[in-house]
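Asker: Following this line is target.pdb, made up of PDB, C-alpha atoms:
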```
ATOM      1  CA  MET A   1      37.516  21.275  34.353  1.00  0.00           C
ATOM      2  CA  PRO A   2      37.307  24.002  31.647  1.00  0.00           C
ATOM      3  CA  VAL A   3      38.875  21.611  29.110  1.00  0.00           C
ATOM      4  CA  ALA A   4      36.252  18.938  29.824  1.00  0.00           C
ATOM      5  CA  LEU A   5      33.450  21.498  29.442  1.00  0.00           C
ATOM      6  CA  PHE A   6      34.941  22.629  26.126  1.00  0.00           C
ATOM      7  CA  ILE A   7      35.141  19.019  24.835  1.00  0.00           C
ATOM      8  CA  ILE A   8      31.548  18.317  25.887  1.00  0.00           C
ATOM      9  CA  THR A   9      30.357  21.498  24.140  1.00  0.00           C
ATOM     10  CA  VAL A  10      32.219  20.654  20.926  1.00  0.00           C
ATOM     11  CA  LEU A  11      30.874  17.093  20.937  1.00  0.00           C
ATOM     12  CA  ALA A  12      27.321  18.369  21.521  1.00  0.00           C
ATOM     13  CA  LEU A  13      27.661  20.745  18.559  1.00  0.00           C
ATOM     14  CA  LEU A  14      28.935  17.901  16.376  1.00  0.00           C
ATOM     15  CA  VAL A  15      25.955  15.729  17.349  1.00  0.00           C
ATOM     16  CA  VAL A  16      23.509  18.544  16.527  1.00  0.00           C
ATOM     17  CA  ALA A  17      25.194  19.191  13.155  1.00  0.00           C
ATOM     18  CA  MET A  18      25.118  15.502  12.245  1.00  0.00           C
ATOM     19  CA  ALA A  19      21.438  15.249  13.216  1.00  0.00           C
ATOM     20  CA  GLN A  20      20.562  18.199  10.971  1.00  0.00           C
ATOM     21  CA  LEU A  21      22.578  16.718   8.130  1.00  0.00           C
ATOM     22  CA  GLN A  22      20.779  13.386   8.526  1.00  0.00           C
ATOM     23  CA  GLN A  23      17.364  15.084   8.498  1.00  0.00           C
ATOM     24  CA  SER A  24      18.245  17.100   5.387  1.00  0.00           C
ATOM     25  CA  SER A  25      19.478  13.967   3.645  1.00  0.00           C
ATOM     26  CA  GLY A  26      16.273  12.102   4.509  1.00  0.00           C
ATOM     27  CA  GLU A  27      14.098  14.910   3.122  1.00  0.00           C
ATOM     28  CA  SER A  28      16.165  15.000  -0.063  1.00  0.00           C
ATOM     29  CA  ILE A  29      15.789  11.259  -0.599  1.00  0.00           C
ATOM     30  CA  SER A  30      12.028  11.468  -0.009  1.00  0.00           C
ATOM     31  CA  LEU A  31      11.672  14.227  -2.599  1.00  0.00           C
ATOM     32  CA  GLN A  32      13.822  12.282  -5.072  1.00  0.00           C
ATOM     33  CA  ILE A  33      11.569   9.227  -4.693  1.00  0.00           C
ATOM     34  CA  GLN A  34       8.449  11.347  -5.257  1.00  0.00           C
ATOM     35  CA  SER A  35      10.106  12.899  -8.301  1.00  0.00           C
ATOM     36  CA  GLN A  36      10.835   9.481  -9.798  1.00  0.00           C
ATOM     37  CA  ARG A  37       7.284   8.305  -9.059  1.00  0.00           C
ATOM     38  CA  ALA A  38       5.893  11.421 -10.794  1.00  0.00           C
ATOM     39  CA  PHE A  39       8.104  10.815 -13.833  1.00  0.00           C
ATOM     40  CA  PHE A  40       6.997   7.183 -14.129  1.00  0.00           C
ATOM     41  CA  ALA A  41       3.361   8.213 -13.696  1.00  0.00           C
ATOM     42  CA  ALA A  42       3.736  10.823 -16.468  1.00  0.00           C
ATOM     43  CA  GLU A  43       5.410   8.240 -18.726  1.00  0.00           C
ATOM     44  CA  SER A  44       2.617   5.726 -18.069  1.00  0.00           C
ATOM     45  CA  GLY A  45      -0.039   8.354 -18.769  1.00  0.00           C
ATOM     46  CA  ALA A  46       1.669   9.291 -22.025  1.00  0.00           C
ATOM     47  CA  GLN A  47       1.704   5.625 -23.063  1.00  0.00           C
ATOM     48  CA  VAL A  48      -2.038   5.381 -22.399  1.00  0.00           C
ATOM     49  CA  GLY A  49      -2.636   8.503 -24.507  1.00  0.00           C
ATOM     50  CA  VAL A  50      -0.431   7.323 -27.363  1.00  0.00           C
ATOM     51  CA  GLY A  51      -2.134   3.929 -27.336  1.00  0.00           C
ATOM     52  CA  ARG A  52      -5.558   5.540 -27.666  1.00  0.00           C
ATOM     53  CA  VAL A  53      -4.394   7.818 -30.492  1.00  0.00           C
ATOM     54  CA  MET A  54      -2.841   4.868 -32.329  1.00  0.00           C
ATOM     55  CA  GLU A  55      -6.040   2.779 -31.962  1.00  0.00           C
ATOM     56  CA  THR A  56      -8.455   5.442 -33.161  1.00  0.00           C
ATOM     57  CA  ASN A  57      -6.331   7.963 -35.069  1.00  0.00           C
ATOM     58  CA  ASN A  58      -8.216  10.553 -33.060  1.00  0.00           C
ATOM     59  CA  CYS A  59      -7.393  12.811 -30.104  1.00  0.00           C
ATOM     60  CA  ALA A  60     -10.958  12.645 -28.774  1.00  0.00           C
ATOM     61  CA  SER A  61     -10.332   9.114 -27.459  1.00  0.00           C
ATOM     62  CA  VAL A  62      -7.564  10.265 -25.093  1.00  0.00           C
ATOM     63  CA  PRO A  63      -8.913  10.320 -21.524  1.00  0.00           C
ATOM     64  CA  GLY A  64      -8.575  13.533 -19.528  1.00  0.00           C
ATOM     65  CA  ALA A  65      -7.103  11.725 -16.535  1.00  0.00           C
ATOM     66  CA  VAL A  66      -5.557   8.405 -15.578  1.00  0.00           C
ATOM     67  CA  SER A  67      -5.609   6.803 -12.142  1.00  0.00           C
ATOM     68  CA  PHE A  68      -3.377   4.026 -10.858  1.00  0.00           C
ATOM     69  CA  SER A  69      -4.166   1.152  -8.524  1.00  0.00           C
ATOM     70  CA  THR A  70      -0.645  -0.276  -8.336  1.00  0.00           C
ATOM     71  CA  SER A  71       1.260   0.295  -5.113  1.00  0.00           C
ATOM     72  CA  GLY A  72       4.166   2.074  -6.810  1.00  0.00           C
ATOM     73  CA  LEU A  73       2.037   4.828  -8.356  1.00  0.00           C
ATOM     74  CA  ASN A  74      -0.827   4.862  -5.874  1.00  0.00           C
ATOM     75  CA  GLY A  75      -1.575   8.437  -4.843  1.00  0.00           C
ATOM     76  CA  CYS A  76      -0.292   9.925  -8.085  1.00  0.00           C
ATOM     77  CA  SER A  77      -2.620  11.838 -10.386  1.00  0.00           C
ATOM     78  CA  VAL A  78      -2.147  12.243 -14.135  1.00  0.00           C
ATOM     79  CA  SER A  79      -3.935  14.600 -16.490  1.00  0.00           C
ATOM     80  CA  LEU A  80      -3.724  14.080 -20.245  1.00  0.00           C
ATOM     81  CA  SER A  81      -4.277  16.396 -23.170  1.00  0.00           C
ATOM     82  CA  CYS A  82      -4.037  15.859 -26.904  1.00  0.00           C
ATOM     83  CA  GLN A  83      -3.708  18.420 -29.684  1.00  0.00           C
ATOM     84  CA  PRO A  84      -4.311  17.169 -33.241  1.00  0.00           C
ATOM     85  CA  THR A  85      -2.590  18.653 -36.273  1.00  0.00           C
ATOM     86  CA  ASN A  86      -2.432  17.737 -39.943  1.00  0.00           C
ATOM     87  CA  VAL A  87       0.986  18.227 -41.505  1.00  0.00           C
ATOM     88  CA  THR A  88       2.017  18.024 -45.156  1.00  0.00           C
ATOM     89  CA  ILE A  89       5.555  16.833 -45.824  1.00  0.00           C
ATOM     90  CA  GLU A  90       6.754  16.333 -49.389  1.00  0.00           C
ATOM     91  CA  GLU A  91       3.180  16.365 -50.705  1.00  0.00           C
ATOM     92  CA  ARG A  92       2.016  13.717 -48.195  1.00  0.00           C
ATOM     93  CA  ASP A  93      -0.510  14.401 -45.460  1.00  0.00           C
ATOM     94  CA  TYR A  94       0.195  13.156 -41.942  1.00  0.00           C
ATOM     95  CA  PHE A  95      -1.914  13.207 -38.820  1.00  0.00           C
ATOM     96  CA  VAL A  96       0.203  14.408 -35.898  1.00  0.00           C
ATOM     97  CA  ALA A  97      -0.984  14.369 -32.303  1.00  0.00           C
ATOM     98  CA  ARG A  98       0.801  16.033 -29.405  1.00  0.00           C
ATOM     99  CA  VAL A  99       0.011  14.045 -26.246  1.00  0.00           C
ATOM    100  CA  THR A 100       0.917  15.802 -22.999  1.00  0.00           C
ATOM    101  CA  SER A 101       0.919  13.957 -19.687  1.00  0.00           C
ATOM    102  CA  ASP A 102       1.199  15.963 -16.459  1.00  0.00           C
ATOM    103  CA  ALA A 103       1.709  13.955 -13.253  1.00  0.00           C
ATOM    104  CA  GLN A 104       1.731  14.902  -9.592  1.00  0.00           C
ATOM    105  CA  CYS A 105       2.770  12.653  -6.707  1.00  0.00           C
ATOM    106  CA  GLY A 106       2.857  13.422  -3.009  1.00  0.00           C
ATOM    107  CA  SER A 107       1.566  16.425  -1.141  1.00  0.00           C
ATOM    108  CA  GLY A 108       2.901  19.415   0.731  1.00  0.00           C
ATOM    109  CA  PRO A 109       6.678  19.821   0.733  1.00  0.00           C
ATOM    110  CA  ASP A 110       7.097  16.291  -0.707  1.00  0.00           C
ATOM    111  CA  ARG A 111       5.005  17.032  -3.811  1.00  0.00           C
ATOM    112  CA  ALA A 112       6.650  16.468  -7.189  1.00  0.00           C
ATOM    113  CA  ASN A 113       5.341  17.352 -10.649  1.00  0.00           C
ATOM    114  CA  ARG A 114       6.595  15.980 -13.945  1.00  0.00           C
ATOM    115  CA  SER A 115       5.422  16.463 -17.513  1.00  0.00           C
ATOM    116  CA  VAL A 116       6.031  14.279 -20.564  1.00  0.00           C
ATOM    117  CA  GLU A 117       5.152  15.272 -24.117  1.00  0.00           C
ATOM    118  CA  VAL A 118       5.004  12.821 -27.026  1.00  0.00           C
ATOM    119  CA  LEU A 119       4.393  13.418 -30.743  1.00  0.00           C
ATOM    120  CA  VAL A 120       2.489  10.699 -32.596  1.00  0.00           C
ATOM    121  CA  ARG A 121       2.517  10.593 -36.398  1.00  0.00           C
ATOM    122  CA  GLU A 122       0.123   8.524 -38.473  1.00  0.00           C
ATOM    123  CA  GLU A 123       0.194   8.257 -42.229  1.00  0.00           C
TER
END
```
Mind converting the file's structure to structure tokens?
Answerer:
Amino acid sequence: MPVALFIITVLALLVVAMAQLQQSSGESISLQIQSQRAFFAAESGAQVGVGRVMETNNCASVPGAVSFSTSGLNGCSVSLSCQPTNVTIEERDYFVARVTSDAQCGSGPDRANRSVEVLVREE
């Protein structure tokens, strides 16, 4: 009888350990998905900002925020900023814009933030 009780106890502990491992793995995968979504949202926001700078050669045309209606990025928020600079290289003047895209996806413990920064140079 004591041997059977010992085996049942050990098996119960194994089941509890496996359940905790499964839960931890599920949370990790969820956070990884949110992290990838935030990265893609930041990349997309940076592309919007770069496109506006390239069209107008001006940082003022970069929107402060971008929203998404696609299912993959729905619920993500992106804020954009642009800092203009004029640079002289080998006696030539260049317009350089630093576009920064900060994205956030998810909420609570599943929230992920990513930032992408792009330099745009116009002659």
Asker: Which residues fall under the PyMOL selection byres ((chain A and resi 37-41) around 6) in this file, as a count of residues only?
Answerer: 11
Asker: Between CA of Val87 in chain A and CA of Gly51 in chain A, what is the spacing in Å?
Answerer: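 Result for CA of Gly51 in chain A versus CA of Val87 in chain A: 20.4 Å, one decimal.
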Asker: Between CA of Thr100 in chain A and CA of Gln47 in chain A, what is the distance in Å, rounded to a tenth?
Answerer: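 Value for the CA of Thr100 in chain A-CA of Gln47 in chain A distance: 10.2 Å.
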Asker: Which residues are close to range 94-98 of chain A, i.e. within 6 Å by all atoms listed in the file, leaving aside same-chain residues fewer than 4 positions away? Reply as a VMD selection string.
Answerer: chain A and resid 82 to 87 118 to 123
Asker: Can you measure CA of Val116 in chain A to CA of Gly45 in chain A for me? One decimal in Å is fine.
Answerer: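 A separation of 8.7 Å between them.
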Asker: Name the residues captured by the PyMOL selection byres ((chain A and resi 66) around 8) when it is applied to the shown file; answer as a VMD selection string.
Answerer: chain A and resid 45 63 to 65 67 to 68 77 to 80
Asker: Taking every listed atom of range 43-57 of chain A and adding 6 Å to each side, what centre and edge lengths in Å (one decimal) does the axis-aligned box have, as AutoDock Vina command-line options?
Answerer:
```
--center_x -1.5 --center_y 6.0 --center_z -26.6 --size_x 25.9 --size_y 18.5 --size_z 29.0
```
Asker: Under the PyMOL selection byres ((chain A and resi 110) around 7), which residues of this model are included? Write them out as a PyMOL selection string.
Answerer: chain A and resi 30-31+34+106-109+111-112
Asker: Output as a PDB file, keeping the file's coordinate frame: range 43-63 of chain A, completed with N, CA, C and O atoms.
Answerer:
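Everything below was put into rebuild.pdb:
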```
ATOM      1  N   GLU A  43       5.083   9.150 -17.623  1.00  0.00           N
ATOM      2  CA  GLU A  43       5.410   8.240 -18.726  1.00  0.00           C
ATOM      3  C   GLU A  43       4.261   7.263 -18.984  1.00  0.00           C
ATOM      4  O   GLU A  43       3.885   7.022 -20.126  1.00  0.00           O
ATOM      5  N   SER A  44       3.713   6.689 -17.924  1.00  0.00           N
ATOM      6  CA  SER A  44       2.617   5.726 -18.069  1.00  0.00           C
ATOM      7  C   SER A  44       1.386   6.405 -18.662  1.00  0.00           C
ATOM      8  O   SER A  44       0.713   5.841 -19.533  1.00  0.00           O
ATOM      9  N   GLY A  45       1.089   7.611 -18.212  1.00  0.00           N
ATOM     10  CA  GLY A  45      -0.039   8.354 -18.769  1.00  0.00           C
ATOM     11  C   GLY A  45       0.159   8.649 -20.247  1.00  0.00           C
ATOM     12  O   GLY A  45      -0.779   8.528 -21.051  1.00  0.00           O
ATOM     13  N   ALA A  46       1.380   9.021 -20.613  1.00  0.00           N
ATOM     14  CA  ALA A  46       1.669   9.291 -22.025  1.00  0.00           C
ATOM     15  C   ALA A  46       1.491   8.028 -22.865  1.00  0.00           C
ATOM     16  O   ALA A  46       0.971   8.088 -23.987  1.00  0.00           O
ATOM     17  N   GLN A  47       1.880   6.882 -22.336  1.00  0.00           N
ATOM     18  CA  GLN A  47       1.704   5.625 -23.063  1.00  0.00           C
ATOM     19  C   GLN A  47       0.226   5.303 -23.264  1.00  0.00           C
ATOM     20  O   GLN A  47      -0.167   4.824 -24.328  1.00  0.00           O
ATOM     21  N   VAL A  48      -0.587   5.586 -22.253  1.00  0.00           N
ATOM     22  CA  VAL A  48      -2.038   5.381 -22.399  1.00  0.00           C
ATOM     23  C   VAL A  48      -2.573   6.286 -23.499  1.00  0.00           C
ATOM     24  O   VAL A  48      -3.329   5.843 -24.379  1.00  0.00           O
ATOM     25  N   GLY A  49      -2.178   7.558 -23.486  1.00  0.00           N
ATOM     26  CA  GLY A  49      -2.636   8.503 -24.507  1.00  0.00           C
ATOM     27  C   GLY A  49      -2.194   8.117 -25.901  1.00  0.00           C
ATOM     28  O   GLY A  49      -2.985   8.149 -26.848  1.00  0.00           O
ATOM     29  N   VAL A  50      -0.944   7.731 -26.049  1.00  0.00           N
ATOM     30  CA  VAL A  50      -0.431   7.323 -27.363  1.00  0.00           C
ATOM     31  C   VAL A  50      -1.159   6.077 -27.852  1.00  0.00           C
ATOM     32  O   VAL A  50      -1.522   5.975 -29.032  1.00  0.00           O
ATOM     33  N   GLY A  51      -1.406   5.142 -26.954  1.00  0.00           N
ATOM     34  CA  GLY A  51      -2.134   3.929 -27.336  1.00  0.00           C
ATOM     35  C   GLY A  51      -3.512   4.248 -27.857  1.00  0.00           C
ATOM     36  O   GLY A  51      -3.959   3.681 -28.875  1.00  0.00           O
ATOM     37  N   ARG A  52      -4.212   5.164 -27.212  1.00  0.00           N
ATOM     38  CA  ARG A  52      -5.558   5.540 -27.666  1.00  0.00           C
ATOM     39  C   ARG A  52      -5.511   6.247 -29.013  1.00  0.00           C
ATOM     40  O   ARG A  52      -6.347   6.014 -29.875  1.00  0.00           O
ATOM     41  N   VAL A  53      -4.527   7.124 -29.204  1.00  0.00           N
ATOM     42  CA  VAL A  53      -4.394   7.818 -30.492  1.00  0.00           C
ATOM     43  C   VAL A  53      -4.086   6.815 -31.596  1.00  0.00           C
ATOM     44  O   VAL A  53      -4.641   6.883 -32.694  1.00  0.00           O
ATOM     45  N   MET A  54      -3.205   5.860 -31.320  1.00  0.00           N
ATOM     46  CA  MET A  54      -2.841   4.868 -32.329  1.00  0.00           C
ATOM     47  C   MET A  54      -4.034   3.972 -32.684  1.00  0.00           C
ATOM     48  O   MET A  54      -4.195   3.578 -33.831  1.00  0.00           O
ATOM     49  N   GLU A  55      -4.875   3.626 -31.699  1.00  0.00           N
ATOM     50  CA  GLU A  55      -6.040   2.779 -31.962  1.00  0.00           C
ATOM     51  C   GLU A  55      -7.078   3.477 -32.816  1.00  0.00           C
ATOM     52  O   GLU A  55      -7.672   2.864 -33.703  1.00  0.00           O
ATOM     53  N   THR A  56      -7.323   4.751 -32.537  1.00  0.00           N
ATOM     54  CA  THR A  56      -8.455   5.442 -33.161  1.00  0.00           C
ATOM     55  C   THR A  56      -8.062   6.508 -34.170  1.00  0.00           C
ATOM     56  O   THR A  56      -8.921   7.000 -34.888  1.00  0.00           O
ATOM     57  N   ASN A  57      -6.788   6.880 -34.188  1.00  0.00           N
ATOM     58  CA  ASN A  57      -6.331   7.963 -35.069  1.00  0.00           C
ATOM     59  C   ASN A  57      -7.098   9.244 -34.770  1.00  0.00           C
ATOM     60  O   ASN A  57      -7.462   9.986 -35.666  1.00  0.00           O
ATOM     61  N   ASN A  58      -7.369   9.455 -33.462  1.00  0.00           N
ATOM     62  CA  ASN A  58      -8.216  10.553 -33.060  1.00  0.00           C
ATOM     63  C   ASN A  58      -7.832  10.994 -31.644  1.00  0.00           C
ATOM     64  O   ASN A  58      -7.672  10.165 -30.761  1.00  0.00           O
ATOM     65  N   CYS A  59      -7.741  12.287 -31.434  1.00  0.00           N
ATOM     66  CA  CYS A  59      -7.393  12.811 -30.104  1.00  0.00           C
ATOM     67  C   CYS A  59      -8.571  12.747 -29.135  1.00  0.00           C
ATOM     68  O   CYS A  59      -8.374  12.770 -27.926  1.00  0.00           O
ATOM     69  N   ALA A  60      -9.776  12.655 -29.649  1.00  0.00           N
ATOM     70  CA  ALA A  60     -10.958  12.645 -28.774  1.00  0.00           C
ATOM     71  C   ALA A  60     -11.000  11.405 -27.878  1.00  0.00           C
ATOM     72  O   ALA A  60     -11.653  11.415 -26.843  1.00  0.00           O
ATOM     73  N   SER A  61     -10.301  10.347 -28.251  1.00  0.00           N
ATOM     74  CA  SER A  61     -10.332   9.114 -27.459  1.00  0.00           C
ATOM     75  C   SER A  61      -9.361   9.134 -26.278  1.00  0.00           C
ATOM     76  O   SER A  61      -9.375   8.230 -25.452  1.00  0.00           O
ATOM     77  N   VAL A  62      -8.529  10.162 -26.193  1.00  0.00           N
ATOM     78  CA  VAL A  62      -7.564  10.265 -25.093  1.00  0.00           C
ATOM     79  C   VAL A  62      -8.303  10.712 -23.838  1.00  0.00           C
ATOM     80  O   VAL A  62      -8.973  11.750 -23.851  1.00  0.00           O
ATOM     81  N   PRO A  63      -8.211   9.924 -22.753  1.00  0.00           N
ATOM     82  CA  PRO A  63      -8.913  10.320 -21.524  1.00  0.00           C
ATOM     83  C   PRO A  63      -8.285  11.573 -20.910  1.00  0.00           C
ATOM     84  O   PRO A  63      -7.112  11.843 -21.099  1.00  0.00           O
TER      85      PRO A  63
END
```
